[in-house]
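Enquirer: This is my_file07.cif, which holds mmCIF, C-alpha atoms:
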```
data_upload
loop_
_atom_site.label_atom_id
_atom_site.label_comp_id
_atom_site.auth_asym_id
_atom_site.auth_seq_id
_atom_site.Cartn_x
_atom_site.Cartn_y
_atom_site.Cartn_z
CA MET A 1 -68.23 28.95 44.17
CA GLU A 2 -65.30 29.58 46.50
CA THR A 3 -65.02 27.57 49.71
CA PHE A 4 -63.29 28.50 52.96
CA ASP A 5 -62.01 26.73 56.04
CA ILE A 6 -62.37 28.27 59.48
CA ALA A 7 -59.81 27.94 62.28
CA ILE A 8 -60.72 28.29 65.94
CA HIS A 9 -57.63 28.91 68.08
CA GLY A 10 -57.35 28.17 71.81
CA VAL A 11 -59.65 25.14 71.78
CA GLN A 12 -59.20 22.76 74.71
CA ILE A 13 -59.26 19.04 73.94
CA LYS A 14 -60.74 17.53 77.07
CA GLY A 15 -60.17 14.05 78.49
CA TYR A 16 -56.35 14.00 78.66
CA HIS A 17 -56.61 12.66 82.23
CA HIS A 18 -58.55 9.66 80.85
CA PHE A 19 -56.81 8.90 77.53
CA LYS A 20 -53.28 9.81 78.73
CA ILE A 21 -51.82 10.23 75.24
CA ASN A 22 -49.53 13.23 74.99
CA ALA A 23 -49.41 14.21 71.33
CA PRO A 24 -46.61 16.74 70.72
CA ALA A 25 -47.33 20.23 69.40
CA GLY A 26 -47.85 20.12 65.65
CA THR A 27 -49.59 16.74 65.66
CA PRO A 28 -52.69 16.68 63.42
CA PHE A 29 -55.85 14.89 64.52
CA THR A 30 -59.23 14.08 63.05
CA ILE A 31 -62.59 14.71 64.68
CA GLN A 32 -65.40 12.18 64.49
CA GLU A 33 -68.85 11.89 65.99
CA GLU A 34 -68.95 9.83 69.16
CA ASP A 35 -71.88 7.91 70.62
CA SER A 36 -72.21 9.02 74.21
CA ALA A 37 -74.97 8.42 76.71
CA TYR A 38 -73.94 11.64 78.47
CA ASN A 39 -73.52 14.01 75.52
CA PRO A 40 -75.54 13.43 72.33
CA TYR A 41 -73.32 15.95 70.47
CA ALA A 42 -69.93 14.50 71.52
CA LEU A 43 -67.03 14.90 69.10
CA ALA A 44 -63.98 12.68 69.64
CA CYS A 45 -60.42 13.57 68.59
CA TYR A 46 -58.28 10.79 67.09
CA LEU A 47 -54.68 10.56 65.96
CA ALA A 48 -54.26 9.61 62.31
CA ASN A 49 -54.18 5.89 61.42
CA ASP A 50 -51.79 6.75 58.61
CA VAL A 51 -48.77 8.01 60.50
CA ASN A 52 -47.09 8.93 57.20
CA SER A 53 -49.41 11.97 57.22
CA ILE A 54 -47.49 13.14 60.31
CA CYS A 55 -43.98 14.55 59.82
CA LYS A 56 -41.14 12.15 60.69
CA GLU A 57 -39.84 14.36 63.51
CA LEU A 58 -43.15 14.09 65.39
CA ARG A 59 -43.73 10.45 64.42
CA THR A 60 -40.47 9.31 66.00
CA LYS A 61 -40.45 11.59 69.06
CA VAL A 62 -40.43 9.49 72.25
CA MET A 63 -42.98 10.51 74.87
CA PHE A 64 -43.52 9.17 78.38
CA SER A 65 -46.65 8.16 80.22
CA LYS A 66 -47.35 6.34 83.48
CA SER A 67 -49.60 3.83 81.73
CA LEU A 68 -47.69 3.31 78.47
CA LYS A 69 -44.15 3.95 79.75
CA SER A 70 -42.45 5.32 76.62
CA TYR A 71 -44.13 5.49 73.22
CA THR A 72 -44.14 7.21 69.83
CA LEU A 73 -47.08 8.32 67.70
CA GLN A 74 -46.49 5.15 65.64
CA ASP A 75 -47.32 3.11 68.78
CA VAL A 76 -50.59 4.95 69.44
CA LYS A 77 -51.77 5.64 65.87
CA GLY A 78 -55.53 5.88 65.53
CA SER A 79 -56.00 6.31 69.30
CA GLN A 80 -58.43 8.75 70.81
CA ILE A 81 -56.69 11.66 72.53
CA GLY A 82 -59.78 13.44 73.89
CA ARG A 83 -62.99 15.26 73.04
CA VAL A 84 -63.81 18.73 71.72
CA GLN A 85 -64.98 21.15 74.42
CA TYR A 86 -68.61 20.56 75.31
CA PHE A 87 -69.97 23.99 74.33
CA LEU A 88 -68.55 23.76 70.77
CA ASN A 89 -69.90 20.25 70.08
CA LYS A 90 -73.53 21.12 69.40
CA ALA A 91 -72.76 23.95 66.96
CA VAL A 92 -70.03 22.10 65.05
CA ARG A 93 -71.91 18.80 64.89
CA GLY A 94 -75.08 20.60 63.75
CA MET A 95 -73.25 22.35 60.92
CA TYR A 96 -71.68 19.04 59.90
CA HIS A 97 -75.09 17.33 59.75
CA ASN A 98 -76.64 20.26 57.85
CA GLY A 99 -73.90 20.07 55.21
CA GLN A 100 -72.53 23.52 56.06
CA ILE A 101 -69.12 21.94 56.72
CA SER A 102 -67.80 18.61 55.48
CA GLN A 103 -64.58 18.12 57.46
CA MET A 104 -63.52 18.49 61.07
CA SER A 105 -59.89 18.29 62.10
CA GLY A 106 -57.34 19.99 64.28
CA ILE A 107 -53.74 20.34 65.30
CA VAL A 108 -52.22 20.14 68.77
CA ASN A 109 -50.48 23.42 69.60
CA GLY A 110 -49.11 22.91 73.09
CA GLU A 111 -48.42 20.59 75.99
CA PRO A 112 -51.23 19.32 78.23
CA CYS A 113 -52.15 21.94 80.83
CA LEU A 114 -54.88 22.77 83.32
CA SER A 115 -58.09 23.67 81.55
CA THR A 116 -60.14 26.80 81.98
CA ASN A 117 -63.28 26.11 83.95
CA PRO A 118 -66.41 26.91 81.94
CA SER A 119 -68.99 29.36 83.20
CA SER A 120 -71.98 28.04 85.15
CA THR A 121 -74.06 27.94 81.94
CA GLN A 122 -71.58 25.55 80.34
CA LYS A 123 -71.53 22.80 82.95
CA PHE A 124 -71.28 19.23 81.81
CA SER A 125 -74.83 17.94 81.59
CA ARG A 126 -74.27 14.56 83.25
CA ASN A 127 -73.48 15.90 86.71
CA LYS A 128 -73.94 19.69 86.34
CA GLN A 129 -70.37 20.32 87.47
CA ALA A 130 -67.88 22.68 85.91
CA GLY A 131 -65.00 21.15 84.00
CA GLY A 132 -61.38 21.34 84.96
CA ARG A 133 -58.46 18.92 84.96
CA ALA A 134 -55.90 18.72 82.21
CA CYS A 135 -56.56 19.46 78.56
CA ILE A 136 -54.60 19.58 75.32
CA PRO A 137 -54.51 23.01 73.65
CA ALA A 138 -55.37 22.86 69.96
CA ILE A 139 -56.52 24.67 66.86
CA LEU A 140 -59.80 23.33 65.48
CA ARG A 141 -60.28 23.48 61.71
CA ILE A 142 -63.70 23.11 60.13
CA GLY A 143 -64.77 23.37 56.51
CA PRO A 144 -64.63 23.59 53.63
CA SER A 145 -67.76 25.65 53.35
CA ILE A 146 -69.44 27.80 50.75
CA HIS A 147 -71.48 29.12 53.69
CA ALA A 148 -68.40 30.59 55.38
CA LYS A 149 -70.13 33.75 56.64
CA LEU A 150 -72.99 31.74 58.19
CA VAL A 151 -70.56 29.25 59.78
CA LEU A 152 -68.37 32.06 61.09
CA GLU A 153 -71.40 33.82 62.62
CA ARG A 154 -72.56 30.60 64.30
CA ILE A 155 -69.11 29.92 65.77
CA CYS A 156 -68.76 33.51 67.02
CA LYS A 157 -72.24 33.36 68.57
CA THR A 158 -71.30 30.10 70.32
CA LEU A 159 -68.00 31.56 71.57
CA CYS A 160 -69.77 34.63 73.01
CA LYS A 161 -71.12 32.33 75.74
CA CYS A 162 -67.63 31.04 76.56
CA LYS A 163 -65.79 32.24 79.65
CA ASN A 164 -62.41 32.29 77.86
CA LYS A 165 -63.63 33.71 74.52
CA GLU A 166 -60.76 36.25 74.39
CA GLU A 167 -58.35 33.30 74.18
CA MET A 168 -60.22 31.74 71.24
CA PRO A 169 -59.80 33.88 68.12
CA VAL A 170 -61.49 32.66 64.93
CA GLU A 171 -60.15 33.18 61.42
CA MET A 172 -61.23 32.37 57.89
CA LEU A 173 -58.53 30.57 55.90
#
```
Give the structure from the file, written as structure tokens.
Expert:
Amino acid sequence: METFDIAIHGVQIKGYHHFKINAPAGTPFTIQEEDSAYNPYALACYLANDVNSICKELRTKVMFSKSLKSYTLQDVKGSQIGRVQYFLNKAVRGMYHNGQISQMSGIVNGEPCLSTNPSSTQKFSRNKQAGGRACIPAILRIGPSIHAKLVLERICKTLCKCKNKEEMPVEML
């Protein structure tokens, strides 16, 4: 049976203000489940531990931060760069646990910027306040899946509730 990956464009990796790691555009990252008292579906985004999986140009690029001064991806390998947007977590994590997808990853596709505030139905559950602050724009890749149509429908249904859904096209790869 043929399997497919699905790409979700325009995803915002939240938490840049906390983790303060500026991964340059083109940097791949992995997504792992995170234990969180505030969000039982949290998905954390990590840079690769094996920096050889990142092209040399990105690996050696010097970036600047108030907390780390100057650094390269080699210096921060394996570090958490943020979390997947709250409203996507439940759907993606559920499909991962149900075996509908077996991998979750992404790629940074821009510089940190101000995030789009979610609608009132997507407020962060801990304090019922809309998000904001800085985020890292990315493309989320999930799969492979033999249930591509089902996964695609679930993602599209989840995105329908999103305030910035026009900025988040989904494609089957």
Enquirer: One decimal, in Å: what's the spacing between atom CA of A:Arg154 and atom CA of A:Gly99?
Expert: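 Computing the Euclidean distance for atom CA of A:Arg154 and atom CA of A:Gly99 yields 14.0 Å.
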Enquirer: Quick check on the file I pasted: which residues fall under the PyMOL selection byres ((chain A and resi 108-113) around 7)? Write them as a list in words.
Expert: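 For this structure, the PyMOL selection byres ((chain A and resi 108-113) around 7) resolves to Pro24, Ala25, Gly26, Thr27, Pro28, Gly106, Ile107, Leu114, Ser115, Ala134, Cys135, Ile136, Pro137, Ala138 and Ile139 of chain A.
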Enquirer: May I ask which of the residues A:Val62, A:Arg83, A:Lys69, A:Ser53 is the closest one to A:Ile13, counting all atoms listed in the file?
Expert: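 Smallest distance to A:Ile13 is found for A:Arg83.
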Enquirer: Find, counting all atoms listed in the file, the residue in A:Lys165, A:Gln32, A:Tyr41, A:Ala7 that gets nearest to A:Asn89.
Expert: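 Ranking A:Lys165, A:Gln32, A:Tyr41, A:Ala7 by distance to A:Asn89, first place goes to A:Tyr41.
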Enquirer: I want to know what sits within 10 Å of stretch 47-50 of chain A, based on all atoms listed in the file, with residues of the same chain fewer than 4 positions away left out; could you give that as a PyMOL selection string?
Expert: chain A and resi 21+23+27-31+54+73-74+76-82+106-107
Enquirer: Name the closest residue to A:Gln12 among the candidates A:Asn164, A:Gln100, A:Ser65, A:Gln85; distances are taken between atoms, counting only C-alpha atoms.
Expert: A:Gln85
Enquirer: The PyMOL selection byres ((chain A and resi 146) around 8) on the file shown: which residues, as an MDAnalysis selection string?
Expert: chainID A and resid 1:4 100 144:145 147:148
Enquirer: Between A:Phe87, A:Arg93, A:Arg133, A:Lys149, single out the one closest to A:Val11, counting all atoms listed in the file.
Expert: A:Phe87
Enquirer: Just checking: using all atoms listed in the file, which residue out of A:Ile8, A:Pro40, A:Leu58, A:Met63 ends up closest to A:Lys20?
Expert: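 For A:Lys20, the nearest of the given residues is A:Met63.
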Enquirer: What box, with edges along x, y and z, holds each listed atom of stretch 23-38 of chain A when 5 Å is added on every side, and can you state its centre and edge lengths in Å to one decimal, as AutoDock Vina command-line options?
Expert:
```
--center_x -60.8 --center_y 14.1 --center_z 70.8 --size_x 38.4 --size_y 22.3 --size_z 25.4
```
Enquirer: Go ahead and compute the interatomic distance for atom CA of A:Leu43 and atom CA of A:Met168, in Å to one decimal.
Expert: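 Those two atoms sit 18.3 Å apart.
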Enquirer: When you get a chance, write out all heavy atoms for stretch 72-83 of chain A, as an mmCIF file, in the frame of the given file.
Expert:
```cif
data_model
loop_
_atom_site.group_PDB
_atom_site.id
_atom_site.type_symbol
_atom_site.label_atom_id
_atom_site.label_comp_id
_atom_site.auth_asym_id
_atom_site.auth_seq_id
_atom_site.Cartn_x
_atom_site.Cartn_y
_atom_site.Cartn_z
ATOM 1 N N THR A 72 -44.183 6.241 70.929
ATOM 2 C CA THR A 72 -44.140 7.210 69.830
ATOM 3 C C THR A 72 -45.541 7.286 69.241
ATOM 4 O O THR A 72 -46.404 6.453 69.560
ATOM 5 C CB THR A 72 -43.149 6.781 68.735
ATOM 6 O OG1 THR A 72 -43.618 5.568 68.152
ATOM 7 C CG2 THR A 72 -41.733 6.580 69.293
ATOM 8 N N LEU A 73 -45.771 8.227 68.354
ATOM 9 C CA LEU A 73 -47.080 8.320 67.700
ATOM 10 C C LEU A 73 -47.374 7.072 66.879
ATOM 11 O O LEU A 73 -48.520 6.690 66.714
ATOM 12 C CB LEU A 73 -47.168 9.574 66.835
ATOM 13 C CG LEU A 73 -47.199 10.899 67.591
ATOM 14 C CD1 LEU A 73 -47.270 12.067 66.623
ATOM 15 C CD2 LEU A 73 -48.363 10.949 68.560
ATOM 16 N N GLN A 74 -46.326 6.413 66.378
ATOM 17 C CA GLN A 74 -46.490 5.150 65.640
ATOM 18 C C GLN A 74 -47.157 4.108 66.558
ATOM 19 O O GLN A 74 -48.024 3.361 66.125
ATOM 20 C CB GLN A 74 -45.132 4.639 65.156
ATOM 21 C CG GLN A 74 -45.163 3.275 64.508
ATOM 22 C CD GLN A 74 -45.831 3.272 63.142
ATOM 23 O OE1 GLN A 74 -45.729 4.231 62.396
ATOM 24 N NE2 GLN A 74 -46.527 2.203 62.833
ATOM 25 N N ASP A 75 -46.774 4.089 67.824
ATOM 26 C CA ASP A 75 -47.320 3.110 68.780
ATOM 27 C C ASP A 75 -48.789 3.365 69.108
ATOM 28 O O ASP A 75 -49.517 2.436 69.453
ATOM 29 C CB ASP A 75 -46.522 3.132 70.091
ATOM 30 C CG ASP A 75 -45.058 2.780 69.893
ATOM 31 O OD1 ASP A 75 -44.754 1.975 68.994
ATOM 32 O OD2 ASP A 75 -44.223 3.340 70.635
ATOM 33 N N VAL A 76 -49.220 4.607 69.042
ATOM 34 C CA VAL A 76 -50.590 4.950 69.440
ATOM 35 C C VAL A 76 -51.435 5.458 68.275
ATOM 36 O O VAL A 76 -52.461 6.099 68.480
ATOM 37 C CB VAL A 76 -50.583 5.987 70.602
ATOM 38 C CG1 VAL A 76 -50.000 5.380 71.869
ATOM 39 C CG2 VAL A 76 -49.840 7.257 70.217
ATOM 40 N N LYS A 77 -51.030 5.156 67.053
ATOM 41 C CA LYS A 77 -51.770 5.640 65.870
ATOM 42 C C LYS A 77 -53.234 5.237 65.951
ATOM 43 O O LYS A 77 -53.576 4.159 66.427
ATOM 44 C CB LYS A 77 -51.134 5.113 64.585
ATOM 45 C CG LYS A 77 -51.238 3.626 64.416
ATOM 46 C CD LYS A 77 -50.551 3.167 63.145
ATOM 47 C CE LYS A 77 -50.642 1.655 63.051
ATOM 48 N NZ LYS A 77 -49.888 1.143 61.939
ATOM 49 N N GLY A 78 -54.099 6.134 65.527
ATOM 50 C CA GLY A 78 -55.530 5.880 65.530
ATOM 51 C C GLY A 78 -56.198 5.956 66.887
ATOM 52 O O GLY A 78 -57.408 5.785 67.002
ATOM 53 N N SER A 79 -55.445 6.259 67.936
ATOM 54 C CA SER A 79 -56.000 6.310 69.300
ATOM 55 C C SER A 79 -56.732 7.620 69.547
ATOM 56 O O SER A 79 -56.384 8.666 68.997
ATOM 57 C CB SER A 79 -54.890 6.180 70.336
ATOM 58 O OG SER A 79 -54.263 4.931 70.240
ATOM 59 N N GLN A 80 -57.725 7.546 70.416
ATOM 60 C CA GLN A 80 -58.430 8.750 70.810
ATOM 61 C C GLN A 80 -57.584 9.515 71.812
ATOM 62 O O GLN A 80 -57.034 8.938 72.756
ATOM 63 C CB GLN A 80 -59.788 8.399 71.440
ATOM 64 C CG GLN A 80 -60.628 9.607 71.751
ATOM 65 C CD GLN A 80 -62.038 9.269 72.199
ATOM 66 O OE1 GLN A 80 -62.440 8.121 72.210
ATOM 67 N NE2 GLN A 80 -62.795 10.289 72.574
ATOM 68 N N ILE A 81 -57.468 10.834 71.599
ATOM 69 C CA ILE A 81 -56.690 11.660 72.530
ATOM 70 C C ILE A 81 -57.581 12.527 73.411
ATOM 71 O O ILE A 81 -57.116 13.096 74.390
ATOM 72 C CB ILE A 81 -55.655 12.544 71.803
ATOM 73 C CG1 ILE A 81 -56.330 13.495 70.816
ATOM 74 C CG2 ILE A 81 -54.603 11.692 71.129
ATOM 75 C CD1 ILE A 81 -55.399 14.552 70.231
ATOM 76 N N GLY A 82 -58.865 12.632 73.083
ATOM 77 C CA GLY A 82 -59.780 13.440 73.890
ATOM 78 C C GLY A 82 -61.044 13.768 73.137
ATOM 79 O O GLY A 82 -61.387 13.123 72.146
ATOM 80 N N ARG A 83 -61.728 14.810 73.635
ATOM 81 C CA ARG A 83 -62.990 15.260 73.040
ATOM 82 C C ARG A 83 -62.976 16.785 72.915
ATOM 83 O O ARG A 83 -62.392 17.476 73.742
ATOM 84 C CB ARG A 83 -64.166 14.865 73.929
ATOM 85 C CG ARG A 83 -64.361 13.380 74.037
ATOM 86 C CD ARG A 83 -65.537 13.044 74.955
ATOM 87 N NE ARG A 83 -65.634 11.615 75.113
ATOM 88 C CZ ARG A 83 -65.053 10.928 76.092
ATOM 89 N NH1 ARG A 83 -64.357 11.553 77.012
ATOM 90 N NH2 ARG A 83 -65.185 9.618 76.156
#
```
